[in-house]
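Here is the structure we will look at, set down as structure tokens.
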Amino acid sequence: MALPPLLALKEGFVTFGGRPLFTGVSLQVGRGEKCCLVGRNGSGKSTLLKILSGEQQLDSGERFLQPGIRLAALAQNPSMDAATVLDWVTEGLDQDERHQRYRAEAMLDAVGVAGERKPALLSGGEGRRVALARALVGEPDALLLDEPTNHLDLPTIQWLEDWLTGFSGALVVISHDRAFLSRVSRQTLWLDRGRVRRLEQGFSGFEAWQEDVYAAEENELARQDKRLEAETHWLHRGVTARRKRNMGRLRALQALRRDKAQHIKVQGSIKLAVETGENSGKLVIEAKQLSKSFAGQPIVSGFSTRIMRGDRVGLIGPNGAGKTTLLSLLTGKLAPDSGSLRLGTNLTMAMLDQHRSQLDPEATVWQTLTDGAGDSITVQGVQRHVMGYLREFLFEDRQAHAPVKSLSGGERHRLLLAKLLAKPSNLLVLDEPTNDLDMDSLDLLQEALADYDGTLLVVSHDRDFLDRLVTSVIVVEGAGRIAEYVGGYSDSLRQRPNPAPPAPPKAMPTIKADRPRTASRLAYLEQRELDALPGKLEQLQTEIGRFEEKLADPQFYGRDPDGFAQTSRQLETARLSLTSLEERWLELEMKRETLEPSP
């Protein structure tokens, strides 16, 4: 007999601003189920999580919470009314647990905030981490988390992944961090056009399932001879088009990574200088043996690198390890104690301020982009109407004349990115650009940066974002230790000689972290799959040619309309399969090249 759910909704109905946000939503979450809640920007994910927690009420329908269970939620903006952070974190615990303050202290250690701090003096990011500690410390039966990885560094994110992997209760989590969701989730709840669909797989299976759902809907509507719904059609075409665009971008990124490998090899040799004729316009930053200390503590020790035009460099490391200091050294904003820095000629730098101090809260979105003049904006030398440009950054037309102060945190972040990317620049410095962005916005940002012609320096804790974007990763480990590796975050893990696993919080049960396995070649099944792919690709290309030849017959449609429609569908299916197999071939080939480098 199936166990009753810990948490459920039945026929939930909610309106927002006079329109239905979702209608007839039903879902249930049982003990041991770990659900990621995904959906488009504005679909109502956070509202649904608030309804599950009891913070917000349904307009109609039922919410069920199994009697006696302990429910905890990560609040977005909690009111911390306590003398110290430790007092606030232990506030909701039972009397017996209150005496076990070591649990709360261990949680606070894990998220990097001292228990004696005053809540009123915490930054926004620190308050977020303290709220996470409060949600976890009471060992709840059901846990609801809204963007738990925001403002966390990679060691803390990895610790949180381990904690949630060992969590035996029910979990519902919203996050833009694909790597995090793929690790912790086992089920997927998709909030789509006012209803919830459920997949009995974690997030790693979501995107393929999403495309299958859209394709099935289009086929069903076509069979019924009905006009396609505009939104469904747009969504499906958007997903398919993105896969095709990203295929080309992935090839380009791999080529850039090969070029970067050559630069790093040159850097490691005795002669670091570049030929004079190649320096002009190509060399962006050259650092030799940079060192910097504060109060006798080394932050950067003897670090050298060469960054060329078009390179995309990610900076990662624990909070407080020295990423901001290194970034300031590399951009010339901070003088080193020793070593030398050489910046390229004619550099035009643009920088993302994650605190959004460049935005005037009283100005409208339109005024922010146009600086209060006209209805157009110059984007990388091309004149664009402000409304069209705003739509590309997922803003609705009605928001153009809304004040910046009325926007959500994610919307303000998108607006700042839109303003920044419109400016002419050849060196773009982004400090935590993915904070407060949902997945749609992340995809948009990734595409915009992939097409950027200049050089990127990106500080981020989003592993999937780095894997898709950068040509090399600079790992700042602390105590002055810094190293650069070719590729994305996952590549850096394979190349690091002794990657340090994230330390668990003190006095807490520890769970072994998944460590990257050292391998010298592809696994047997992967190699067999790679060997078989060229034949499959050739076969698909032959089928596509045969379908295209049939459809090229001008008499085909008039002679056999049904056959023409069937052949068209077969052609589209074959093309999608070809794209999917090409992506898989490229993925395996990239992995093979990483594991079996050419001598």
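Numbering starts fresh at 1 for the residues of each chain in the structure tokens, the chains themselves are lettered A, B, ... in the order given, and ligands are numbered from 1 as they appear.
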For segment 450-457 of chain A, list every protein, DNA or RNA residue within 8 Å, evaluated using only C-alpha atoms, and leave out those in the same chain fewer than 4 positions away; present the list as a PDB file with C-alpha atoms, in the first residue's frame.
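Dumped everything to around.pdb:
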ATOM      1  CA  ARG A 249      28.476  27.458 -30.109  1.00  0.00           C
ATOM      2  CA  VAL A 284      44.588  41.851 -23.411  1.00  0.00           C
ATOM      3  CA  MET A 308      44.247  37.076 -25.272  1.00  0.00           C
ATOM      4  CA  ARG A 309      41.470  38.753 -27.218  1.00  0.00           C
ATOM      5  CA  GLY A 310      38.405  36.510 -27.293  1.00  0.00           C
ATOM      6  CA  ASP A 311      39.370  34.473 -24.214  1.00  0.00           C
ATOM      7  CA  ARG A 312      36.609  33.777 -21.691  1.00  0.00           C
ATOM      8  CA  VAL A 313      38.096  33.253 -18.268  1.00  0.00           C
ATOM      9  CA  GLY A 314      36.161  32.074 -15.203  1.00  0.00           C
ATOM     10  CA  LEU A 315      37.325  32.786 -11.651  1.00  0.00           C
ATOM     11  CA  SER A 425      33.403  47.339 -24.937  1.00  0.00           C
ATOM     12  CA  ASN A 426      36.128  44.827 -25.655  1.00  0.00           C
ATOM     13  CA  LEU A 427      36.693  43.641 -22.086  1.00  0.00           C
ATOM     14  CA  LEU A 428      33.670  42.593 -20.046  1.00  0.00           C
ATOM     15  CA  VAL A 429      34.108  41.918 -16.313  1.00  0.00           C
ATOM     16  CA  LEU A 430      31.151  40.133 -14.674  1.00  0.00           C
ATOM     17  CA  GLN A 446      24.743  32.596 -22.033  1.00  0.00           C
ATOM     18  CA  LEU A 469      30.842  29.469 -21.495  1.00  0.00           C
TER      19      LEU A 469
END
Residues within 8 Å of Lys423 of chain A, only C-alpha atoms, excluding chain neighbours under 4 positions, as a list in words: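 Residues near the query, excluding close chain neighbours: Ala350, Thr378, Val379, Gln380 and Lys419 of chain A.
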Can you write just those residues out, N, CA, C and O atoms, as a PDB file, in the first residue's frame?
ATOM      1  N   ALA A 350      33.959  47.208 -19.498  1.00  0.00           N
ATOM      2  CA  ALA A 350      32.636  47.361 -18.888  1.00  0.00           C
ATOM      3  C   ALA A 350      32.535  46.351 -17.764  1.00  0.00           C
ATOM      4  O   ALA A 350      32.974  45.207 -17.911  1.00  0.00           O
ATOM      5  N   THR A 378      21.858  52.251 -29.072  1.00  0.00           N
ATOM      6  CA  THR A 378      22.916  51.668 -29.902  1.00  0.00           C
ATOM      7  C   THR A 378      23.482  50.452 -29.192  1.00  0.00           C
ATOM      8  O   THR A 378      24.023  50.560 -28.084  1.00  0.00           O
ATOM      9  N   VAL A 379      23.346  49.286 -29.812  1.00  0.00           N
ATOM     10  CA  VAL A 379      23.800  48.028 -29.233  1.00  0.00           C
ATOM     11  C   VAL A 379      24.949  47.504 -30.070  1.00  0.00           C
ATOM     12  O   VAL A 379      24.759  47.085 -31.218  1.00  0.00           O
ATOM     13  N   GLN A 380      26.151  47.566 -29.485  1.00  0.00           N
ATOM     14  CA  GLN A 380      27.348  47.105 -30.191  1.00  0.00           C
ATOM     15  C   GLN A 380      27.432  47.703 -31.602  1.00  0.00           C
ATOM     16  O   GLN A 380      27.724  47.016 -32.585  1.00  0.00           O
ATOM     17  N   LYS A 419      21.726  46.848 -20.187  1.00  0.00           N
ATOM     18  CA  LYS A 419      22.417  48.135 -20.315  1.00  0.00           C
ATOM     19  C   LYS A 419      23.911  47.927 -20.538  1.00  0.00           C
ATOM     20  O   LYS A 419      24.536  48.587 -21.379  1.00  0.00           O
TER      21      LYS A 419
END
Quick one, how far is atom CA of Phe393 of chain A from atom CA of Thr15 of chain A?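 Those two atoms sit 25.4 Å apart.
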Judged by only C-alpha atoms, the minimum distance to Val473 of chain A among A:Lys591, A:Arg384, A:Arg342, A:Lys323 is found for A:Lys323
Among segment 329-536 of chain A, which residues carry a DSSP assignment of alpha helix (DSSP H), reported as an MDAnalysis selection string? chainID A and resid 329:330 365:370 386:392 409:422 439:450 463:469 489:495 524:536
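Checking A:Leu576, A:Leu145, A:Val486, A:Ala73 one by one against Lys34 of chain A, counting only C-alpha atoms, you find the shortest gap at A:Leu145.
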Can you pull out every residue within 12 Å of Pro67 of chain A, counting only C-alpha atoms, but drop anything in the same chain fewer than 4 positions away, and send it as a PyMOL selection string? chain A and resi 4-7+71+141
List the spatial neighbours of Phe547 of chain A as a list in words - criterion: any atom at most 9 Å away, only C-alpha atoms, same-chain residues fewer than 6 positions off excluded.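 After dropping sequence-adjacent residues, the list is Thr567, Ser568, Gln570 and Leu571 of chain A.
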Which is closer to Asn435 of chain A than all the others in A:Ser376, A:Thr149, A:Gln28, A:Ser79, using only C-alpha atoms?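 Of A:Ser376, A:Thr149, A:Gln28, A:Ser79, the one nearest Asn435 of chain A, counting only C-alpha atoms, is A:Thr149.
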For segment 102-107 of chain A, list every protein, DNA or RNA residue within 10 Å, evaluated using only C-alpha atoms, and leave out those in the same chain fewer than 6 positions away; present the list as JSON, numbers by chain. {"A": [85, 86, 87, 88, 89, 90, 93, 113, 114, 115, 116, 129, 130, 132, 133, 134, 135, 136, 137, 138, 504, 505, 506, 507, 508]}
Distance criterion (only C-alpha atoms): nearest to Asp467 of chain A out of A:Arg584, A:Arg31, A:Arg178, A:Arg521: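 Smallest separation from Asp467 of chain A among the options: A:Arg178.
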